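A.B. asks: File structure_24.txt follows (compact mmCIF, C-alpha atoms):
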# COMPACT_ATOMS: atom_id res chain seq x y z
CA MET Q 1 0.00 0.00 0.00
CA LEU Q 2 1.24 3.49 -0.84
CA ILE Q 3 -0.18 6.63 0.80
CA ALA Q 4 0.60 10.15 -0.42
CA GLN Q 5 0.42 12.82 2.27
CA LEU Q 6 0.14 16.43 1.16
CA SER Q 7 -0.22 19.16 3.74
CA ASP Q 8 -0.66 22.86 4.39
CA THR Q 9 -1.83 23.67 0.88
CA HIS Q 10 -3.16 27.11 1.99
CA VAL Q 11 -5.26 27.70 -1.12
CA ALA Q 12 -6.18 31.39 -1.42
CA VAL Q 13 -8.20 33.52 -3.84
CA PRO Q 14 -5.97 35.04 -6.57
CA GLU Q 15 -6.45 38.66 -5.53
CA ASP Q 16 -5.16 38.08 -1.97
CA GLU Q 17 -1.64 39.29 -1.23
CA PHE Q 18 -0.91 35.84 0.20
CA ALA Q 19 -1.75 34.23 -3.15
CA LYS Q 20 0.39 36.74 -5.04
CA LEU Q 21 3.36 35.92 -2.80
CA TYR Q 22 3.09 32.11 -2.55
CA HIS Q 23 0.86 31.01 -5.49
CA PRO Q 24 -0.53 28.11 -3.41
CA ALA Q 25 -3.28 27.04 -5.82
CA GLU Q 26 -0.84 26.78 -8.73
CA LYS Q 27 1.59 24.84 -6.56
CA LEU Q 28 -1.15 22.44 -5.46
CA ARG Q 29 -2.15 21.85 -9.08
CA ASN Q 30 1.47 21.01 -9.82
CA ALA Q 31 1.55 18.64 -6.86
CA VAL Q 32 -1.61 16.88 -8.04
CA ARG Q 33 -0.10 16.44 -11.49
CA HIS Q 34 3.11 15.12 -9.95
CA VAL Q 35 1.21 12.58 -7.81
CA ASN Q 36 -0.92 11.42 -10.74
CA GLU Q 37 2.03 11.00 -13.09
CA SER Q 38 4.51 9.59 -10.58
CA VAL Q 39 6.10 6.21 -11.14
CA ASN Q 40 5.29 5.78 -7.43
CA ARG Q 41 1.55 6.12 -7.91
CA PRO Q 42 -0.23 6.12 -4.53
CA ASP Q 43 -3.35 4.14 -3.71
CA ILE Q 44 -4.87 6.98 -1.67
CA VAL Q 45 -4.07 10.60 -0.78
CA PHE Q 46 -4.48 12.46 2.52
CA LEU Q 47 -4.45 16.26 2.79
CA THR Q 48 -3.59 16.85 6.44
CA GLY Q 49 -5.00 20.29 7.13
CA ASP Q 50 -4.68 23.99 6.41
CA LEU Q 51 -6.39 23.21 3.15
CA VAL Q 52 -7.16 26.90 2.60
CA ASN Q 53 -5.55 30.02 4.00
CA SER Q 54 -8.31 32.32 5.27
CA ALA Q 55 -11.33 30.01 5.79
CA LYS Q 56 -13.30 31.65 2.96
CA ALA Q 57 -16.01 29.88 0.99
CA GLU Q 58 -14.38 31.07 -2.26
CA GLU Q 59 -11.15 29.32 -1.30
CA TYR Q 60 -12.95 26.00 -0.88
CA VAL Q 61 -14.43 26.40 -4.37
CA ILE Q 62 -10.88 26.65 -5.78
CA LEU Q 63 -9.69 23.77 -3.58
CA LYS Q 64 -12.55 21.54 -4.76
CA GLU Q 65 -11.70 22.18 -8.40
CA ILE Q 66 -8.06 21.22 -7.83
CA VAL Q 67 -8.73 18.20 -5.60
CA ALA Q 68 -11.06 16.78 -8.28
CA GLU Q 69 -7.97 16.35 -10.50
CA PHE Q 70 -6.57 13.57 -8.29
CA GLU Q 71 -6.93 10.19 -10.00
CA MET Q 72 -7.17 8.23 -6.76
CA PRO Q 73 -9.31 8.51 -3.58
CA VAL Q 74 -8.62 11.67 -1.55
CA TYR Q 75 -9.29 12.27 2.15
CA LEU Q 76 -9.47 15.77 3.60
CA MET Q 77 -8.69 16.92 7.13
CA PRO Q 78 -9.04 20.35 8.76
CA GLY Q 79 -6.22 22.45 10.15
CA ASN Q 80 -6.25 25.66 12.12
CA HIS Q 81 -6.71 27.78 8.97
CA ASP Q 82 -9.86 25.85 8.01
CA ASP Q 83 -13.55 26.30 8.76
CA CYS Q 84 -15.11 22.88 9.39
CA THR Q 85 -18.62 24.04 8.45
CA LEU Q 86 -17.46 25.43 5.12
CA LEU Q 87 -15.38 22.31 4.49
CA ARG Q 88 -18.42 20.07 4.99
CA LYS Q 89 -20.56 22.29 2.79
CA ALA Q 90 -18.00 22.41 -0.03
CA PHE Q 91 -17.44 18.62 -0.13
CA PRO Q 92 -20.82 16.90 0.47
CA GLU Q 93 -19.73 13.99 -1.72
CA HIS Q 94 -16.91 13.21 0.72
CA ASP Q 95 -19.28 11.16 2.83
CA TYR Q 96 -16.56 9.92 5.20
CA LEU Q 97 -16.75 13.39 6.79
CA PRO Q 98 -19.23 13.30 9.71
CA SER Q 99 -22.32 15.45 9.12
CA SER Q 100 -21.99 17.03 12.57
CA GLY Q 101 -19.50 17.35 15.41
CA THR Q 102 -15.78 16.94 15.00
CA LEU Q 103 -14.39 15.85 11.63
CA ASN Q 104 -12.80 12.61 12.80
CA TYR Q 105 -13.22 9.43 10.81
CA VAL Q 106 -11.79 5.99 9.99
CA VAL Q 107 -10.63 4.78 6.58
CA ASP Q 108 -10.93 1.01 6.36
CA GLY Q 109 -10.53 -1.63 3.69
CA TRP Q 110 -6.74 -1.46 3.59
CA PRO Q 111 -3.95 -3.51 5.21
CA ILE Q 112 -3.66 -0.83 7.90
CA LYS Q 113 -6.37 1.05 9.78
CA LEU Q 114 -6.26 4.81 9.19
CA ILE Q 115 -7.74 7.12 11.84
CA ALA Q 116 -8.10 10.85 11.12
CA LEU Q 117 -8.56 13.35 13.96
CA ASP Q 118 -9.83 16.94 14.04
CA THR Q 119 -7.64 19.38 16.00
CA ASN Q 120 -9.39 22.54 14.77
CA ILE Q 121 -10.30 25.28 17.27
CA HIS Q 122 -12.41 27.72 15.29
CA GLY Q 123 -10.47 30.95 14.75
CA LYS Q 124 -7.43 29.87 16.81
CA PRO Q 125 -3.95 28.79 15.65
CA GLN Q 126 -3.60 26.17 18.39
CA GLY Q 127 -5.03 22.67 18.20
CA HIS Q 128 -7.16 20.66 20.62
CA LEU Q 129 -8.64 17.16 20.66
CA GLY Q 130 -10.73 17.04 23.84
CA GLU Q 131 -11.93 14.20 26.04
CA ALA Q 132 -14.69 12.98 23.72
CA GLN Q 133 -12.44 12.69 20.68
CA LEU Q 134 -9.65 11.02 22.67
CA ALA Q 135 -12.16 8.49 24.04
CA TRP Q 136 -13.38 7.81 20.49
CA LEU Q 137 -9.78 7.39 19.34
CA GLU Q 138 -9.00 4.92 22.10
CA GLU Q 139 -12.12 2.92 21.28
CA GLU Q 140 -11.09 2.71 17.62
CA ILE Q 141 -7.54 1.66 18.50
CA SER Q 142 -8.81 -0.96 20.96
CA LYS Q 143 -11.02 -2.56 18.30
CA GLU Q 144 -8.02 -3.24 16.09
CA ALA Q 145 -5.52 -5.67 17.54
CA ALA Q 146 -4.85 -7.64 14.34
CA ARG Q 147 -3.77 -4.75 12.11
CA ALA Q 148 -1.42 -1.83 12.48
CA VAL Q 149 -2.98 1.58 13.09
CA VAL Q 150 -1.89 4.90 11.58
CA ILE Q 151 -3.25 8.11 13.12
CA LEU Q 152 -3.41 11.41 11.23
CA LEU Q 153 -3.92 14.88 12.73
CA HIS Q 154 -2.90 18.39 11.79
CA HIS Q 155 -1.06 19.57 14.93
CA PRO Q 156 1.90 17.38 16.00
CA PRO Q 157 1.91 16.14 19.63
CA PHE Q 158 5.42 17.35 20.50
CA LYS Q 159 7.54 20.49 20.81
CA THR Q 160 9.62 20.95 17.68
CA GLY Q 161 12.18 23.52 18.80
CA LEU Q 162 10.65 26.03 16.38
CA VAL Q 163 9.42 28.25 19.21
CA SER Q 164 7.05 30.36 17.13
CA MET Q 165 5.32 27.24 15.81
CA ASP Q 166 5.32 25.50 19.20
CA GLU Q 167 3.28 28.40 20.57
CA MET Q 168 0.60 27.37 18.06
CA GLY Q 169 0.78 23.69 19.05
CA LEU Q 170 -1.57 20.99 20.28
CA LEU Q 171 -2.86 22.09 23.68
CA ASP Q 172 -3.62 18.61 25.02
CA MET Q 173 -0.63 16.81 23.53
CA GLU Q 174 0.16 15.07 26.83
CA ASP Q 175 -3.29 13.44 26.88
CA PHE Q 176 -2.87 12.29 23.29
CA VAL Q 177 0.61 10.88 23.93
CA ASP Q 178 -0.77 9.07 26.98
CA VAL Q 179 -3.19 7.24 24.68
CA LEU Q 180 -0.33 6.32 22.33
CA SER Q 181 1.71 4.90 25.18
CA ARG Q 182 -0.96 2.29 26.02
CA TYR Q 183 -0.82 0.47 22.66
CA ASP Q 184 1.92 -1.29 20.73
CA HIS Q 185 0.16 -1.66 17.37
CA ILE Q 186 0.18 2.06 16.46
CA GLU Q 187 2.55 2.13 13.51
CA ARG Q 188 2.83 5.89 12.98
CA VAL Q 189 1.31 9.31 13.68
CA LEU Q 190 1.24 11.63 10.64
CA CYS Q 191 0.85 15.39 11.01
CA GLY Q 192 1.11 18.70 9.19
CA HIS Q 193 1.14 22.28 10.54
CA ILE Q 194 4.92 22.78 10.83
CA HIS Q 195 5.74 23.15 7.09
CA ARG Q 196 8.83 20.98 7.57
CA ALA Q 197 9.70 17.27 7.74
CA ILE Q 198 10.36 16.47 11.42
CA GLN Q 199 10.34 13.17 13.35
CA LYS Q 200 10.10 12.36 17.04
CA LEU Q 201 9.17 9.41 19.22
CA ALA Q 202 6.13 10.15 21.36
CA GLY Q 203 4.55 7.54 23.62
CA GLY Q 204 6.62 4.85 21.89
CA THR Q 205 5.35 5.76 18.42
CA LEU Q 206 7.18 7.63 15.67
CA VAL Q 207 5.49 10.94 14.82
CA GLN Q 208 6.19 12.47 11.38
CA THR Q 209 5.31 15.97 10.15
CA CYS Q 210 4.83 16.72 6.47
CA PRO Q 211 6.27 19.67 4.52
CA SER Q 212 3.97 22.06 2.67
CA THR Q 213 3.07 22.16 -1.00
CA SER Q 214 2.96 25.96 -0.68
CA HIS Q 215 5.93 27.22 1.38
CA GLN Q 216 8.17 26.02 4.20
CA VAL Q 217 8.80 27.53 7.63
CA ARG Q 218 12.31 28.89 8.11
CA LEU Q 219 14.50 26.64 10.27
CA LEU Q 220 15.16 28.80 13.35
CA LEU Q 221 15.67 26.56 16.40
CA GLY Q 222 15.91 27.44 20.06
CA GLU Q 223 15.00 30.76 21.65
CA ASN Q 224 14.71 32.65 18.37
CA ASN Q 225 10.97 33.38 18.19
CA GLU Q 226 11.02 34.94 14.73
CA LEU Q 227 8.56 33.29 12.35
CA GLY Q 228 9.66 33.31 8.74
CA THR Q 229 8.99 31.39 5.56
CA VAL Q 230 11.34 30.24 2.81
CA PHE Q 231 10.83 29.18 -0.79
CA GLU Q 232 12.24 25.72 -0.33
CA PRO Q 233 10.76 23.31 -2.89
CA PRO Q 234 7.15 22.14 -2.51
CA GLU Q 235 7.27 18.65 -1.05
CA TYR Q 236 5.05 15.78 0.02
CA LEU Q 237 5.49 12.42 1.73
CA LEU Q 238 4.97 8.89 0.46
CA HIS Q 239 4.26 6.26 3.11
CA TYR Q 240 4.96 2.76 1.81
CA TRP Q 241 3.47 -0.18 3.70
CA ASN Q 242 4.14 -3.88 3.47
CA GLU Q 243 3.78 -6.59 6.08
CA GLU Q 244 7.50 -7.38 6.22
CA SER Q 245 8.87 -3.85 6.72
CA GLY Q 246 5.93 -1.95 8.17
CA LEU Q 247 5.53 1.71 7.21
CA VAL Q 248 8.49 3.38 5.49
CA THR Q 249 8.32 7.10 4.67
CA HIS Q 250 9.93 8.85 1.69
CA SER Q 251 10.00 12.53 0.66
CA ASP Q 252 9.21 13.56 -2.90
CA TYR Q 253 9.71 17.05 -4.31
CA VAL Q 254 7.14 18.50 -6.70
CA LYS Q 255 9.70 18.67 -9.46
CA ASP Q 256 10.81 16.41 -12.27
CA TYR Q 257 14.52 15.56 -12.35
CA ASP Q 258 16.53 14.06 -15.20
CA ILE Q 259 17.54 10.42 -14.69
CA ALA Q 260 21.32 10.07 -14.86
CA TRP Q 261 21.32 6.30 -15.30
CA THR Q 262 19.23 3.27 -14.41
CA LEU Q 263 20.42 -0.06 -13.03
CA LYS Q 264 18.29 -2.85 -14.51
CA ASN Q 265 18.55 -6.56 -13.89
CA GLY Q 266 21.83 -6.03 -12.05
CA VAL Q 267 23.54 -4.47 -15.09
CA LYS Q 268 24.54 -0.82 -15.39
Mind converting the file's structure to structure tokens?

C.D. replies:
Amino acid sequence: MLIAQLSDTHVAVPEDEFAKLYHPAEKLRNAVRHVNESVNRPDIVFLTGDLVNSAKAEEYVILKEIVAEFEMPVYLMPGNHDDCTLLRKAFPEHDYLPSSGTLNYVVDGWPIKLIALDTNIHGKPQGHLGEAQLAWLEEEISKEAARAVVILLHHPPFKTGLVSMDEMGLLDMEDFVDVLSRYDHIERVLCGHIHRAIQKLAGGTLVQTCPSTSHQVRLLLGENNELGTVFEPPEYLLHYWNEESGLVTHSDYVKDYDIAWTLKNGVK
């Protein structure tokens, strides 16, 4: 099984200054094309939050047009820049999205169980899960002892060292990590929000954040609280699963590179 994870697409209307600076819709279209045409063609795609930039209905119209170009099933998740009501309204055909309450759901029918969580606090940059959603998560994990579980959420459950981003983190990360620590069949936790590829063990499980298709956050670690962005290449993650190796993650840039040479059948 191969899962493509795209994140922090930040689609904006063309007249916004944000769109003029970052061109997020154009970059997402390029990413969709790259995914569709890749030799590593994924089975499914997850977009792990901050789908649009300003939570405007017009932005979701643009997002819907672009997402429709994917040639494989696509699953959407909210981030702190999203409006869950507008997301539901824009994508009624995405019937895995609950019609009310938090936008958490399960994707089944694959070798691994995929659980998506909603960390959105309306109008706030921080994330929160809450007791009800954590109880639902634990129930879903407990049901599944025979298969590995992968959990997806926008805000990562750890401090990254990027102080400005950590101030916009998951408020109840300790409660979430406590749930992780009680189970040994959670294969991975996949997140967005940070606009960089970062890994950390949390509760005995590897947590991975995904870069952005729009722009990356400048790497300023430690006490430097300046928040900046850089035009590093748009990037997404490919999560490759097989029973022997488990889940292995690769980065792929939204760019086509020339092939220098190919080794085939053991002969150069």

A.B. asks: I want to know what sits within 10 Å of His23 in chain Q, based on only C-alpha atoms, with residues of the same chain fewer than 6 positions away left out; could you give that as a list in words?

C.D. replies: His10, Val11, Ala12, Val13, Pro14, Asp16, Glu17, Ser214 and His215 of chain Q

A.B. asks: Rank Q:Arg41, Q:Lys113, Q:Lys124, Q:Lys143 by their smallest atom-to-atom distance to Leu2 in chain Q, using all atoms listed in the file, and report the top residue only.

C.D. replies: Q:Arg41

A.B. asks: CA of Ser142 in chain Q to CA of Ile115 in chain Q: how many Å, to one decimal?

C.D. replies: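 We find that CA of Ser142 in chain Q and CA of Ile115 in chain Q lie 12.2 Å from each other.
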
A.B. asks: Neighbouring residues of Asn36 in chain Q were defined as those with any atom within 10 Å, considering all atoms listed in the file; residues of the same chain fewer than 6 positions away were excluded. Please report them as a JSON list (two decimals) with C-alpha atoms, keeping the file's coordinate frame.

C.D. replies:
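Dumped to selection06.json:
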[["chain", "number", "residue", "atom", "x", "y", "z"],
["Q", 30, "ASN", "CA", 1.47, 21.01, -9.82],
["Q", 42, "PRO", "CA", -0.23, 6.12, -4.53],
["Q", 69, "GLU", "CA", -7.97, 16.35, -10.50],
["Q", 70, "PHE", "CA", -6.57, 13.57, -8.29],
["Q", 71, "GLU", "CA", -6.93, 10.19, -10.00],
["Q", 72, "MET", "CA", -7.17, 8.23, -6.76]]

A.B. asks: Which residue, Q:Ile112, Q:Thr205, Q:Ser181, Q:Arg218, has the smallest gap to Gly161 in chain Q when you use only C-alpha atoms?

C.D. replies: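 Residue with the minimum atom-to-atom distance to Gly161 in chain Q: Q:Arg218.
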
A.B. asks: Got a sec: who's within 8 Å of Pro73 in chain Q, counting all atoms listed in the file, leaving out chain neighbours fewer than 5 positions off, as a PyMOL selection string?

C.D. replies: chain Q and resi 43-45

A.B. asks: CA of Tyr22 in chain Q to CA of Ala197 in chain Q: how many Å, to one decimal?

C.D. replies: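 So the answer is 19.2 Å.
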
A.B. asks: Report the distance between CA of Glu187 in chain Q and CA of His122 in chain Q in Å, rounded to one decimal place.

C.D. replies: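 About the pair CA of Glu187 in chain Q and CA of His122 in chain Q: they are 29.7 Å apart.
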
A.B. asks: Which residues, written as a list in words, have at least one atom at most 9 Å from Gln216 in chain Q, with all atoms listed in the file counted and residues fewer than 2 positions away on the same chain left out?

C.D. replies: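 So, after excluding close chain neighbours, the residues are Ile194, His195, Arg196, Pro211, Ser212, Thr213, Ser214, Arg218, Leu219, Gly228, Thr229, Val230, Phe231, Glu232, Pro233 and Pro234 of chain Q.
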
A.B. asks: Which residue, Q:Leu21, Q:Leu220, Q:Ala135, Q:Val32, has the smallest gap to Ala4 in chain Q when you use all atoms listed in the file?

C.D. replies: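 So, comparing all the options, the nearest one is Q:Val32.
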
A.B. asks: Find the residue from Q:Cys210, Q:Asn120, Q:Ala25, Q:Met1 that sits nearest to Gly246 in chain Q; use only C-alpha atoms when measuring.

C.D. replies: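 Using only C-alpha atoms, Gly246 in chain Q sits closest to Q:Met1.
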
A.B. asks: Enumerate, as number ranges by chain, the protein, DNA and RNA residues whose atoms approach (5.4, 27.2, 14.2) to within 12 Å, taking into account only C-alpha atoms and the coordinate frame of the file.

C.D. replies: Q: 80, 125-126, 155-156, 158-170, 192-196, 209, 216-221, 224-229

A.B. asks: With distances taken over all atoms listed in the file, which of Q:Ala148, Q:Val179, Q:Leu134, Q:Leu103 is nearest to Gly49 in chain Q?

C.D. replies: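 Ranking Q:Ala148, Q:Val179, Q:Leu134, Q:Leu103 by distance to Gly49 in chain Q, first place goes to Q:Leu103.
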
A.B. asks: I want to know what sits within 7 Å of Leu117 in chain Q, based on all atoms listed in the file, with residues of the same chain fewer than 6 positions away left out; could you give that as a PDB file with C-alpha atoms, keeping the file's coordinate frame?

C.D. replies:
ATOM      1  CA  LEU Q 103     -14.390  15.850  11.630  1.00  0.00           C
ATOM      2  CA  ASN Q 104     -12.800  12.610  12.800  1.00  0.00           C
ATOM      3  CA  TYR Q 105     -13.220   9.430  10.810  1.00  0.00           C
ATOM      4  CA  LEU Q 152      -3.410  11.410  11.230  1.00  0.00           C
ATOM      5  CA  LEU Q 153      -3.920  14.880  12.730  1.00  0.00           C
TER       6      LEU Q 153
END

A.B. asks: Nearest residue to Trp136 in chain Q out of Q:Asp258, Q:Asp118, Q:Asp83, Q:Glu243, using all atoms listed in the file?

C.D. replies: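 The shortest atom-to-atom distance to Trp136 in chain Q comes from Q:Asp118.
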
A.B. asks: As a PDB file, keeping the file's coordinate frame, could you write out range 60-75 of chain Q once it has been completed with N, CA, C and O atoms?

C.D. replies:
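As written to disk, out-v5.pdb reads:
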ATOM      1  N   TYR Q  60     -12.558  27.410  -0.775  1.00  0.00           N
ATOM      2  CA  TYR Q  60     -12.950  26.000  -0.880  1.00  0.00           C
ATOM      3  C   TYR Q  60     -13.448  25.653  -2.278  1.00  0.00           C
ATOM      4  O   TYR Q  60     -13.315  24.505  -2.722  1.00  0.00           O
ATOM      5  N   VAL Q  61     -14.024  26.630  -2.975  1.00  0.00           N
ATOM      6  CA  VAL Q  61     -14.430  26.400  -4.370  1.00  0.00           C
ATOM      7  C   VAL Q  61     -13.196  26.091  -5.220  1.00  0.00           C
ATOM      8  O   VAL Q  61     -13.195  25.151  -6.028  1.00  0.00           O
ATOM      9  N   ILE Q  62     -12.130  26.883  -5.033  1.00  0.00           N
ATOM     10  CA  ILE Q  62     -10.880  26.650  -5.780  1.00  0.00           C
ATOM     11  C   ILE Q  62     -10.272  25.311  -5.377  1.00  0.00           C
ATOM     12  O   ILE Q  62      -9.835  24.516  -6.222  1.00  0.00           O
ATOM     13  N   LEU Q  63     -10.241  25.038  -4.068  1.00  0.00           N
ATOM     14  CA  LEU Q  63      -9.690  23.770  -3.580  1.00  0.00           C
ATOM     15  C   LEU Q  63     -10.431  22.579  -4.189  1.00  0.00           C
ATOM     16  O   LEU Q  63      -9.800  21.615  -4.633  1.00  0.00           O
ATOM     17  N   LYS Q  64     -11.760  22.665  -4.232  1.00  0.00           N
ATOM     18  CA  LYS Q  64     -12.550  21.540  -4.760  1.00  0.00           C
ATOM     19  C   LYS Q  64     -12.209  21.271  -6.218  1.00  0.00           C
ATOM     20  O   LYS Q  64     -12.078  20.111  -6.631  1.00  0.00           O
ATOM     21  N   GLU Q  65     -12.049  22.332  -6.990  1.00  0.00           N
ATOM     22  CA  GLU Q  65     -11.700  22.180  -8.400  1.00  0.00           C
ATOM     23  C   GLU Q  65     -10.354  21.470  -8.558  1.00  0.00           C
ATOM     24  O   GLU Q  65     -10.198  20.593  -9.419  1.00  0.00           O
ATOM     25  N   ILE Q  66      -9.397  21.826  -7.718  1.00  0.00           N
ATOM     26  CA  ILE Q  66      -8.060  21.220  -7.830  1.00  0.00           C
ATOM     27  C   ILE Q  66      -8.064  19.782  -7.323  1.00  0.00           C
ATOM     28  O   ILE Q  66      -7.505  18.882  -7.970  1.00  0.00           O
ATOM     29  N   VAL Q  67      -8.694  19.539  -6.187  1.00  0.00           N
ATOM     30  CA  VAL Q  67      -8.730  18.200  -5.600  1.00  0.00           C
ATOM     31  C   VAL Q  67      -9.390  17.201  -6.549  1.00  0.00           C
ATOM     32  O   VAL Q  67      -9.019  16.016  -6.590  1.00  0.00           O
ATOM     33  N   ALA Q  68     -10.367  17.670  -7.335  1.00  0.00           N
ATOM     34  CA  ALA Q  68     -11.060  16.780  -8.280  1.00  0.00           C
ATOM     35  C   ALA Q  68     -10.116  16.220  -9.340  1.00  0.00           C
ATOM     36  O   ALA Q  68     -10.451  15.227 -10.008  1.00  0.00           O
ATOM     37  N   GLU Q  69      -8.928  16.818  -9.494  1.00  0.00           N
ATOM     38  CA  GLU Q  69      -7.970  16.350 -10.500  1.00  0.00           C
ATOM     39  C   GLU Q  69      -7.189  15.113 -10.036  1.00  0.00           C
ATOM     40  O   GLU Q  69      -6.538  14.459 -10.852  1.00  0.00           O
ATOM     41  N   PHE Q  70      -7.216  14.790  -8.751  1.00  0.00           N
ATOM     42  CA  PHE Q  70      -6.570  13.570  -8.290  1.00  0.00           C
ATOM     43  C   PHE Q  70      -7.229  12.356  -8.948  1.00  0.00           C
ATOM     44  O   PHE Q  70      -8.455  12.289  -9.056  1.00  0.00           O
ATOM     45  N   GLU Q  71      -6.421  11.383  -9.321  1.00  0.00           N
ATOM     46  CA  GLU Q  71      -6.930  10.190 -10.000  1.00  0.00           C
ATOM     47  C   GLU Q  71      -7.045   8.999  -9.064  1.00  0.00           C
ATOM     48  O   GLU Q  71      -7.171   7.854  -9.510  1.00  0.00           O
ATOM     49  N   MET Q  72      -7.006   9.269  -7.766  1.00  0.00           N
ATOM     50  CA  MET Q  72      -7.170   8.230  -6.760  1.00  0.00           C
ATOM     51  C   MET Q  72      -7.982   8.816  -5.600  1.00  0.00           C
ATOM     52  O   MET Q  72      -8.144  10.043  -5.530  1.00  0.00           O
ATOM     53  N   PRO Q  73      -8.502   7.979  -4.686  1.00  0.00           N
ATOM     54  CA  PRO Q  73      -9.310   8.510  -3.580  1.00  0.00           C
ATOM     55  C   PRO Q  73      -8.532   9.518  -2.733  1.00  0.00           C
ATOM     56  O   PRO Q  73      -7.347   9.335  -2.453  1.00  0.00           O
ATOM     57  N   VAL Q  74      -9.220  10.588  -2.322  1.00  0.00           N
ATOM     58  CA  VAL Q  74      -8.620  11.670  -1.550  1.00  0.00           C
ATOM     59  C   VAL Q  74      -9.406  11.852  -0.252  1.00  0.00           C
ATOM     60  O   VAL Q  74     -10.650  11.849  -0.262  1.00  0.00           O
ATOM     61  N   TYR Q  75      -8.679  12.035   0.847  1.00  0.00           N
ATOM     62  CA  TYR Q  75      -9.290  12.270   2.150  1.00  0.00           C
ATOM     63  C   TYR Q  75      -8.806  13.605   2.691  1.00  0.00           C
ATOM     64  O   TYR Q  75      -7.605  13.890   2.700  1.00  0.00           O
TER      65      TYR Q  75
END
